[in-house]
$ cat data-v2.txt   # compact mmCIF, C-alpha atoms
# COMPACT_ATOMS: atom_id res chain seq x y z
CA MET A 214 13.45 2.38 -15.44
CA GLY A 215 12.95 2.85 -19.18
CA MET A 216 11.87 -0.74 -19.75
CA SER A 217 8.65 -1.01 -21.75
CA ARG A 218 5.52 -2.78 -20.58
CA ARG A 219 5.93 -5.24 -23.47
CA ALA A 220 9.45 -6.11 -22.35
CA MET A 221 8.36 -6.59 -18.76
CA LEU A 222 5.48 -8.88 -19.78
CA ALA A 223 7.77 -10.86 -22.07
CA GLY A 224 10.20 -11.33 -19.20
CA ALA A 225 7.40 -12.46 -16.94
CA ALA A 226 6.16 -14.96 -19.48
CA ALA A 227 9.64 -16.39 -19.83
CA LEU A 228 9.60 -17.24 -16.15
CA GLY A 229 6.77 -19.65 -16.84
CA ALA A 230 5.60 -21.66 -13.86
CA ALA A 231 7.98 -19.80 -11.59
CA ALA A 232 5.70 -16.79 -11.84
CA THR A 233 2.83 -18.56 -10.14
CA LEU A 234 2.49 -17.30 -6.57
CA PRO A 235 6.26 -17.08 -6.02
CA ASN A 236 5.72 -14.92 -2.98
CA VAL A 237 4.23 -17.75 -0.93
CA ALA A 238 7.62 -19.45 -0.73
CA ALA A 239 9.74 -19.16 2.40
CA ALA A 240 10.97 -15.62 2.94
CA ASP A 241 14.47 -14.75 1.80
CA THR A 242 16.28 -13.41 4.83
CA GLY A 243 19.77 -13.79 3.42
CA GLY A 244 21.99 -10.89 2.43
CA ARG A 245 22.70 -12.20 -1.07
CA GLY A 246 21.25 -9.31 -3.06
CA ARG A 247 22.65 -5.87 -3.73
CA LEU A 248 19.35 -3.99 -3.80
CA ARG A 249 17.64 -2.54 -0.75
CA VAL A 250 14.57 -0.50 0.12
CA PRO A 251 15.76 3.10 0.57
CA PRO A 252 15.26 4.09 4.23
CA ASP A 253 13.25 7.15 3.22
CA ALA A 254 10.85 4.89 1.28
CA ILE A 255 10.00 2.85 4.41
CA SER A 256 6.63 3.90 5.79
CA ILE A 257 3.93 2.62 8.12
CA GLN A 258 0.14 2.74 7.92
CA LEU A 259 -0.98 4.41 11.15
CA TYR A 260 -4.09 2.22 11.24
CA SER A 261 -1.73 -0.39 12.69
CA LEU A 262 -1.20 1.89 15.71
CA ARG A 263 -4.77 3.16 16.13
CA SER A 264 -5.11 1.75 19.66
CA LEU A 265 -2.15 3.88 20.75
CA LEU A 266 -3.01 6.94 18.68
CA GLU A 267 -6.49 7.08 20.20
CA LYS A 268 -4.80 7.67 23.56
CA ASP A 269 -1.59 9.54 22.71
CA VAL A 270 -0.83 10.93 19.27
CA PRO A 271 2.32 12.90 20.17
CA GLY A 272 3.86 10.04 22.14
CA THR A 273 3.09 7.45 19.45
CA LEU A 274 4.54 9.54 16.63
CA SER A 275 7.62 10.25 18.75
CA ALA A 276 8.08 6.51 19.30
CA LEU A 277 7.85 5.89 15.54
CA ALA A 278 10.49 8.54 14.92
CA ASP A 279 12.74 6.85 17.49
CA ILE A 280 12.38 3.57 15.58
CA GLY A 281 13.54 5.34 12.43
CA TYR A 282 10.37 6.15 10.50
CA ARG A 283 10.41 9.36 8.50
CA ARG A 284 7.29 8.60 6.52
CA VAL A 285 3.78 7.45 7.43
CA GLU A 286 0.43 6.84 5.79
CA LEU A 287 -2.56 8.23 7.65
CA ALA A 288 -5.98 6.76 8.39
CA GLY A 289 -7.57 9.68 10.24
CA THR A 290 -6.19 12.34 12.57
CA TYR A 291 -7.64 11.08 15.87
CA GLY A 292 -9.50 14.20 16.92
CA TYR A 293 -6.87 16.67 15.74
CA GLN A 294 -7.41 19.25 13.02
CA ALA A 295 -5.23 18.69 9.97
CA ALA A 296 -2.93 21.61 10.82
CA GLU A 297 -2.53 20.39 14.42
CA PHE A 298 -1.66 16.88 13.30
CA LYS A 299 0.79 18.25 10.75
CA SER A 300 2.59 20.22 13.45
CA ILE A 301 3.09 17.04 15.50
CA LEU A 302 4.43 15.26 12.43
CA ASP A 303 6.81 18.15 11.78
CA ARG A 304 8.15 18.11 15.34
CA ASN A 305 9.10 14.47 14.80
CA HIS A 306 10.53 15.03 11.30
CA ILE A 307 7.89 12.73 9.80
CA THR A 308 6.16 13.21 6.44
CA ALA A 309 2.63 11.94 5.83
CA SER A 310 2.91 10.96 2.17
CA SER A 311 -0.67 9.73 1.83
CA THR A 312 -3.98 9.31 3.61
CA HIS A 313 -6.63 6.59 3.39
CA VAL A 314 -9.99 8.22 2.72
CA GLY A 315 -13.06 6.66 1.09
CA ILE A 316 -14.36 8.72 -1.81
CA ASP A 317 -17.98 7.56 -1.65
CA GLY A 318 -19.98 10.03 0.41
CA ALA A 319 -16.93 12.16 1.14
CA ASN A 320 -16.66 15.91 0.65
CA LEU A 321 -13.87 15.63 -1.87
CA ASP A 322 -13.03 19.32 -1.73
CA GLN A 323 -12.47 19.06 2.03
CA VAL A 324 -10.49 15.83 1.65
CA ILE A 325 -8.20 17.56 -0.85
CA ALA A 326 -7.85 20.65 1.36
CA ASP A 327 -6.93 18.53 4.40
CA ALA A 328 -4.49 16.46 2.35
CA LYS A 329 -2.68 19.61 1.28
CA VAL A 330 -2.45 20.88 4.85
CA LEU A 331 -1.12 17.49 5.99
CA GLY A 332 1.51 17.54 3.25
CA ASN A 333 0.09 14.50 1.44
CA THR A 334 0.96 13.89 -2.18
CA ARG A 335 -1.53 11.03 -2.45
CA ILE A 336 -5.03 10.15 -1.29
CA VAL A 337 -5.88 6.42 -1.29
CA HIS A 338 -9.34 4.86 -1.32
CA PRO A 339 -9.02 2.02 1.22
CA TYR A 340 -11.89 -0.42 0.66
CA SER A 341 -14.79 -1.33 -1.60
CA ASN A 342 -16.87 -4.44 -2.09
CA PHE A 343 -19.74 -4.97 -4.53
CA GLY A 344 -21.70 -8.10 -5.36
CA THR A 345 -22.25 -7.40 -9.05
CA VAL A 346 -20.23 -6.43 -12.10
CA ALA A 347 -22.43 -3.37 -12.49
CA GLY A 348 -21.60 -2.31 -8.94
CA TRP A 349 -17.86 -2.51 -9.58
CA GLN A 350 -18.19 -0.74 -12.94
CA SER A 351 -20.17 2.09 -11.38
CA PHE A 352 -17.56 2.45 -8.65
CA ALA A 353 -14.73 2.49 -11.20
CA THR A 354 -16.47 5.39 -12.94
CA ARG A 355 -16.73 7.29 -9.64
CA LEU A 356 -13.11 6.51 -8.79
CA GLU A 357 -11.88 7.80 -12.15
CA LYS A 358 -13.92 10.98 -11.80
CA ALA A 359 -12.60 11.58 -8.30
CA GLY A 360 -9.09 10.84 -9.51
CA ALA A 361 -9.37 13.51 -12.17
CA ALA A 362 -10.46 16.07 -9.57
CA VAL A 363 -7.64 15.07 -7.23
CA ARG A 364 -5.10 15.32 -10.06
CA GLN A 365 -6.35 18.77 -11.05
CA ALA A 366 -5.75 19.80 -7.43
CA GLY A 367 -2.12 18.72 -7.72
CA LEU A 368 -2.43 15.40 -5.85
CA HIS A 369 -2.96 11.79 -6.92
CA LEU A 370 -5.68 9.29 -6.05
CA GLY A 371 -4.94 5.60 -5.47
CA TYR A 372 -6.82 2.37 -4.77
CA HIS A 373 -5.92 -0.08 -1.99
CA ASN A 374 -7.05 -3.68 -2.44
CA HIS A 375 -8.25 -6.37 -0.08
CA ASP A 376 -8.87 -9.95 -1.28
CA GLN A 377 -12.38 -9.64 -2.70
CA GLU A 378 -11.02 -7.92 -5.80
CA PHE A 379 -9.41 -11.22 -6.81
CA ARG A 380 -12.49 -13.43 -6.39
CA PRO A 381 -14.76 -13.67 -9.45
CA VAL A 382 -18.05 -11.79 -9.42
CA GLN A 383 -20.41 -12.94 -12.16
CA GLY A 384 -17.45 -14.46 -13.98
CA ARG A 385 -15.21 -11.37 -13.81
CA LEU A 386 -12.46 -10.25 -11.46
CA PRO A 387 -13.27 -6.95 -9.75
CA TYR A 388 -9.59 -5.92 -9.94
CA ASP A 389 -9.71 -6.20 -13.73
CA ILE A 390 -12.88 -4.12 -13.80
CA LEU A 391 -11.25 -1.44 -11.65
CA THR A 392 -7.98 -1.25 -13.53
CA ARG A 393 -9.65 -1.24 -16.94
CA GLY A 394 -12.33 1.21 -15.85
CA THR A 395 -9.80 3.76 -14.59
CA THR A 396 -6.67 5.30 -16.07
CA GLU A 397 -3.08 5.45 -14.93
CA LEU A 398 -3.30 9.22 -15.25
CA ASN A 399 -5.96 9.50 -12.54
CA VAL A 400 -5.74 6.37 -10.38
CA HIS A 401 -2.58 4.65 -9.16
CA LEU A 402 -2.48 1.32 -7.34
CA GLU A 403 -1.44 0.56 -3.79
CA ILE A 404 -1.06 -3.22 -3.65
CA ASP A 405 -1.63 -4.79 -0.26
CA LEU A 406 0.59 -7.85 -0.55
CA PHE A 407 -1.14 -9.84 2.21
CA TRP A 408 -4.61 -9.43 0.74
CA ALA A 409 -3.44 -10.03 -2.82
CA VAL A 410 -1.88 -13.35 -1.80
CA ASN A 411 -4.91 -14.19 0.33
CA GLY A 412 -7.11 -13.72 -2.74
CA GLY A 413 -4.94 -16.06 -4.80
CA ALA A 414 -3.22 -13.37 -6.87
CA ASP A 415 0.45 -13.17 -7.80
CA PRO A 416 1.67 -9.69 -6.77
CA VAL A 417 4.53 -9.77 -9.28
CA TRP A 418 2.15 -10.43 -12.14
CA LEU A 419 -0.21 -7.71 -10.88
CA VAL A 420 2.63 -5.23 -11.09
CA TYR A 421 3.61 -6.40 -14.58
CA GLN A 422 0.02 -6.16 -15.78
CA ASN A 423 -0.22 -2.60 -14.47
CA PHE A 424 3.15 -1.34 -15.64
CA GLY A 425 4.10 1.99 -14.07
CA ARG A 426 0.87 2.24 -12.09
CA VAL A 427 1.85 0.58 -8.79
CA LEU A 428 3.38 3.27 -6.60
CA GLN A 429 2.89 1.80 -3.13
CA PHE A 430 3.12 -1.62 -1.45
CA HIS A 431 1.51 -2.54 1.84
CA VAL A 432 4.09 -4.85 3.38
CA LYS A 433 1.92 -7.12 5.46
CA ASP A 434 2.99 -10.72 6.04
CA ARG A 435 1.04 -13.99 6.00
CA LYS A 436 1.66 -17.34 7.63
CA PRO A 437 0.98 -20.49 5.56
CA ASP A 438 -2.32 -20.98 7.41
CA GLY A 439 -3.49 -17.52 6.32
CA THR A 440 -2.85 -15.78 9.64
CA MET A 441 -1.59 -12.20 9.45
CA THR A 442 1.79 -11.62 11.04
CA ASP A 443 4.54 -9.00 11.32
CA PRO A 444 6.60 -8.31 8.17
CA GLY A 445 9.42 -10.79 7.76
CA THR A 446 7.96 -13.36 10.16
CA GLY A 447 5.64 -15.11 7.70
CA ALA A 448 5.75 -16.90 4.37
CA ILE A 449 5.52 -14.08 1.83
CA ASP A 450 8.78 -13.79 -0.08
CA PHE A 451 9.11 -10.02 -0.10
CA ALA A 452 12.69 -10.21 -1.38
CA ASN A 453 11.51 -12.03 -4.49
CA ILE A 454 8.63 -9.62 -5.07
CA PHE A 455 10.78 -6.53 -4.62
CA ARG A 456 13.62 -7.86 -6.77
CA ARG A 457 11.35 -8.77 -9.67
CA THR A 458 9.41 -5.51 -9.59
CA TRP A 459 12.28 -3.16 -8.76
CA HIS A 460 12.28 -1.41 -12.14
CA GLU A 461 8.54 -0.75 -11.94
CA GLY A 462 8.92 2.40 -9.84
CA VAL A 463 7.29 1.47 -6.51
CA GLN A 464 7.98 4.49 -4.32
CA GLU A 465 6.73 3.52 -0.86
CA PHE A 466 6.93 0.32 1.20
CA ILE A 467 4.34 0.58 3.96
CA VAL A 468 4.49 -1.65 7.03
CA GLU A 469 1.07 -2.78 8.24
CA HIS A 470 -0.70 -5.27 10.48
CA ASP A 471 -4.48 -5.02 10.89
CA GLN A 472 -4.66 -6.48 14.41
CA PRO A 473 -1.23 -6.31 16.09
CA THR A 474 -0.99 -7.45 19.69
CA ASP A 475 1.83 -4.96 20.32
CA PRO A 476 1.68 -2.14 17.72
CA LEU A 477 5.06 -0.60 18.49
CA HIS A 478 6.72 -4.02 18.40
CA THR A 479 5.14 -4.59 14.97
CA ALA A 480 6.37 -1.16 13.88
CA LYS A 481 9.94 -1.92 14.95
CA VAL A 482 9.97 -5.45 13.51
CA GLY A 483 8.63 -4.11 10.21
CA TYR A 484 11.08 -1.22 10.00
CA ASP A 485 14.08 -3.35 10.94
CA TYR A 486 13.07 -6.02 8.44
CA LEU A 487 12.77 -3.60 5.52
CA PHE A 488 15.87 -1.66 6.54
CA GLY A 489 17.97 -4.81 6.66
CA LEU A 490 16.51 -6.65 3.66
CA ARG A 491 18.81 -7.22 0.71
CA PHE A 492 17.50 -8.65 -2.53

$ encode --input "data-v2.txt" --output "structure tokens"
Amino acid sequence: MGMSRRAMLAGAAALGAAATLPNVAAADTGGRGRLRVPPDAISIQLYSLRSLLEKDVPGTLSALADIGYRRVELAGTYGYQAAEFKSILDRNHITASSTHVGIDGANLDQVIADAKVLGNTRIVHPYSNFGTVAGWQSFATRLEKAGAAVRQAGLHLGYHNHDQEFRPVQGRLPYDILTRGTTELNVHLEIDLFWAVNGGADPVWLVYQNFGRVLQFHVKDRKPDGTMTDPGTGAIDFANIFRRTWHEGVQEFIVEHDQPTDPLHTAKVGYDYLFGLRF
């Protein structure tokens, strides 16, 4: 855990060609490793279960608890006030560690107040897309400013990527603009592994480049044809990614699928996969 950024980058460079998109290789499902994701670090993004939550919040959260989840990431409270939603979480012994909320146009004071009621330690901006370098630079400035306000309130602001951050805009990568235009002090990174791979990025190298700044992974799998699939059923080599970034301090491994056909099945497959994975 005390390894320097220089040492991590040197180690990555020594891997040479092996560091190029290693995660696209066939998933490692063997039990050869000695490391594992701690059960209390396994989480799920509730956006994956929105079709169920829109009808039955208490029943859906109870079902997640039965699967084994003790941590979730929110994307709204589905008509409940923050305190009401928190009480349902508490009854199921579930902690909401973070919430996805866009900072642009939001009442940041209210977002922070709700996050505190919900028991969040982090607020994560979920999506941005701009067609110019100036647009991304302006957003980075707003994100850093919001991050400072969130930090002063005792919480932390993060950024969740899709794939557009890894496609050049006017000759520059938006992800580079964001990470260089914000600070580790005010903005952490939540790397969505599916979208990073889909954009042609190497998640391991992203973590090395942003030493100590990546606190959350979205564990979302991808078939070779680019189709999204349940964690552990696609081609992303999560075992390789987790093993090579283990000393970087990632604190939460969040199961997600944007369009699951059976949300609770996805939740169980994802939890069981992460619970049983050895790397």

$ residues_around --input "data-v2.txt" --residues "Leu391 (chain A)" --least-positions-apart "2" --cutoff "9 Å" --atoms "all atoms listed in the file" --output "list of chain:residue names"
A:Trp349, A:Gln350, A:Phe352, A:Ala353, A:Thr354, A:Leu356, A:Glu378, A:Leu386, A:Pro387, A:Tyr388, A:Asp389, A:Arg393, A:Gly394, A:Thr395

$ closest_atom_pairs --input "data-v2.txt" --of "region 320-405 of chain A" --to "region 288-301 of chain A" --cutoff "7 Å" --atoms "all atoms listed in the file" --output "tab-separated table"
residue	atom	partner	partner_atom	distance
A:Asp327	CA	A:Ala295	CA	5.8
A:Val330	CA	A:Ala296	CA	6.0
A:Leu331	CA	A:Lys299	CA	5.2

$ closest_atom_pairs --input "data-v2.txt" --of "region 271-334 of chain A" --to "region 459-469 of chain A" --cutoff "10 Å" --atoms "all atoms listed in the file" --output "tab-separated table"
residue	atom	partner	partner_atom	distance
A:Arg284	CA	A:Ile467	CA	8.9
A:Val285	CA	A:Ile467	CA	7.7
A:Glu286	CA	A:Ile467	CA	7.6
A:Ser310	CA	A:Glu465	CA	8.9

$ closest_residue --input "data-v2.txt" --among "A:Leu419, A:Val432, A:Ala480, A:Val324" --to "Phe407 (chain A)" --atoms "all atoms listed in the file"
A:Val432

$ closest_residue --input "data-v2.txt" --among "A:Leu259, A:Ala359, A:Val382, A:Leu370" --to "Gln472 (chain A)" --atoms "all atoms listed in the file"
A:Leu259

$ closest_residue --input "data-v2.txt" --among "A:Leu398, A:Ile404, A:Leu262, A:Leu287" --to "Gln365 (chain A)" --atoms "all atoms listed in the file"
A:Leu398

$ axis_aligned_box --input "data-v2.txt" --around "region 405-416 of chain A" --padding-each-side "4 Å" --output "AutoDock Vina command-line options"
--center_x -2.7 --center_y -10.4 --center_z -2.8 --size_x 16.8 --size_y 19.3 --size_z 18.0

$ atom_distance --input "data-v2.txt" --atom1 "CA of Thr442 (chain A)" --atom2 "CA of Arg456 (chain A)"
21.7 Å

$ atom_distance --input "data-v2.txt" --atom1 "CA of Lys436 (chain A)" --atom2 "CA of Pro252 (chain A)"
25.6 Å

$ atom_distance --input "data-v2.txt" --atom1 "CA of Gly315 (chain A)" --atom2 "CA of Pro339 (chain A)"
6.2 Å

$ closest_residue --input "data-v2.txt" --among "A:Leu487, A:Ile325, A:Ala254, A:Leu406" --to "His369 (chain A)" --atoms "all atoms listed in the file"
A:Ile325

$ closest_residue --input "data-v2.txt" --among "A:His470, A:His478, A:Asn453, A:Arg355" --to "Ser341 (chain A)" --atoms "only C-alpha atoms"
A:Arg355

$ residues_around --input "data-v2.txt" --residues "Asp434 (chain A)" --least-positions-apart "2" --cutoff "6 Å" --atoms "all atoms listed in the file" --output "list in words"
Phe407, Met441, Thr442, Asp443, Pro444, Gly447 and Ile449 of chain A

$ closest_residue --input "data-v2.txt" --among "A:His401, A:Asn333, A:Val346, A:Gly445" --to "Phe488 (chain A)" --atoms "all atoms listed in the file"
A:Gly445

$ residues_around --input "data-v2.txt" --residues "Thr446 (chain A)" --least-positions-apart "5" --cutoff "12 Å" --atoms "only C-alpha atoms" --output "tab-separated table (two decimals) with C-alpha atoms, in the frame of the given file"
chain	number	residue	atom	x	y	z
A	239	ALA	CA	9.74	-19.16	2.40
A	240	ALA	CA	10.97	-15.62	2.94
A	241	ASP	CA	14.47	-14.75	1.80
A	242	THR	CA	16.28	-13.41	4.83
A	432	VAL	CA	4.09	-4.85	3.38
A	433	LYS	CA	1.92	-7.12	5.46
A	434	ASP	CA	2.99	-10.72	6.04
A	435	ARG	CA	1.04	-13.99	6.00
A	436	LYS	CA	1.66	-17.34	7.63
A	437	PRO	CA	0.98	-20.49	5.56
A	440	THR	CA	-2.85	-15.78	9.64
A	441	MET	CA	-1.59	-12.20	9.45
A	451	PHE	CA	9.11	-10.02	-0.10
A	470	HIS	CA	-0.70	-5.27	10.48
A	479	THR	CA	5.14	-4.59	14.97
A	482	VAL	CA	9.97	-5.45	13.51
A	483	GLY	CA	8.63	-4.11	10.21
A	485	ASP	CA	14.08	-3.35	10.94
A	486	TYR	CA	13.07	-6.02	8.44
A	487	LEU	CA	12.77	-3.60	5.52

$ decode --input "data-v2.txt" --residues "region 399-420 of chain A" --atoms "N, CA and C atoms" --output "compact mmCIF listing (two decimals), in the first residue's frame"
# COMPACT_ATOMS: atom_id res chain seq x y z
N ASN A 399 -9.89 16.58 -4.47
CA ASN A 399 -11.31 16.93 -4.60
C ASN A 399 -12.13 15.99 -5.49
N VAL A 400 -11.47 15.24 -6.35
CA VAL A 400 -12.23 14.39 -7.29
C VAL A 400 -11.55 13.03 -7.41
N HIS A 401 -12.24 11.99 -6.95
CA HIS A 401 -11.72 10.63 -7.15
C HIS A 401 -12.32 10.05 -8.43
N LEU A 402 -11.87 8.87 -8.81
CA LEU A 402 -12.31 8.24 -10.04
C LEU A 402 -13.03 6.93 -9.76
N GLU A 403 -14.15 6.77 -10.42
CA GLU A 403 -14.90 5.51 -10.41
C GLU A 403 -14.81 4.97 -11.84
N ILE A 404 -13.98 3.97 -12.05
CA ILE A 404 -13.76 3.46 -13.40
C ILE A 404 -14.79 2.40 -13.73
N ASP A 405 -15.57 2.68 -14.76
CA ASP A 405 -16.50 1.69 -15.30
C ASP A 405 -15.71 0.83 -16.28
N LEU A 406 -15.48 -0.41 -15.90
CA LEU A 406 -14.57 -1.28 -16.66
C LEU A 406 -15.12 -1.61 -18.05
N PHE A 407 -16.43 -1.80 -18.17
CA PHE A 407 -17.02 -2.07 -19.48
C PHE A 407 -16.75 -0.89 -20.42
N TRP A 408 -17.12 0.31 -19.98
CA TRP A 408 -17.01 1.46 -20.87
C TRP A 408 -15.56 1.83 -21.16
N ALA A 409 -14.68 1.62 -20.20
CA ALA A 409 -13.26 1.87 -20.47
C ALA A 409 -12.75 0.96 -21.59
N VAL A 410 -13.05 -0.33 -21.48
CA VAL A 410 -12.65 -1.28 -22.51
C VAL A 410 -13.31 -0.94 -23.84
N ASN A 411 -14.58 -0.58 -23.78
CA ASN A 411 -15.32 -0.26 -25.01
C ASN A 411 -14.71 0.94 -25.73
N GLY A 412 -14.11 1.85 -24.95
CA GLY A 412 -13.48 3.02 -25.54
C GLY A 412 -12.04 2.78 -25.96
N GLY A 413 -11.54 1.55 -25.77
CA GLY A 413 -10.20 1.21 -26.19
C GLY A 413 -9.12 1.47 -25.14
N ALA A 414 -9.54 1.74 -23.90
CA ALA A 414 -8.58 2.01 -22.84
C ALA A 414 -8.18 0.73 -22.12
N ASP A 415 -7.03 0.76 -21.49
CA ASP A 415 -6.56 -0.33 -20.64
C ASP A 415 -6.83 0.08 -19.19
N PRO A 416 -7.78 -0.57 -18.51
CA PRO A 416 -8.10 -0.17 -17.14
C PRO A 416 -6.92 -0.22 -16.19
N VAL A 417 -6.04 -1.20 -16.36
CA VAL A 417 -4.88 -1.30 -15.47
C VAL A 417 -4.00 -0.06 -15.62
N TRP A 418 -3.77 0.34 -16.84
CA TRP A 418 -2.93 1.52 -17.08
C TRP A 418 -3.62 2.78 -16.57
N LEU A 419 -4.95 2.85 -16.69
CA LEU A 419 -5.68 4.01 -16.15
C LEU A 419 -5.46 4.14 -14.65
N VAL A 420 -5.49 3.00 -13.97
CA VAL A 420 -5.27 3.02 -12.53
C VAL A 420 -3.84 3.45 -12.21
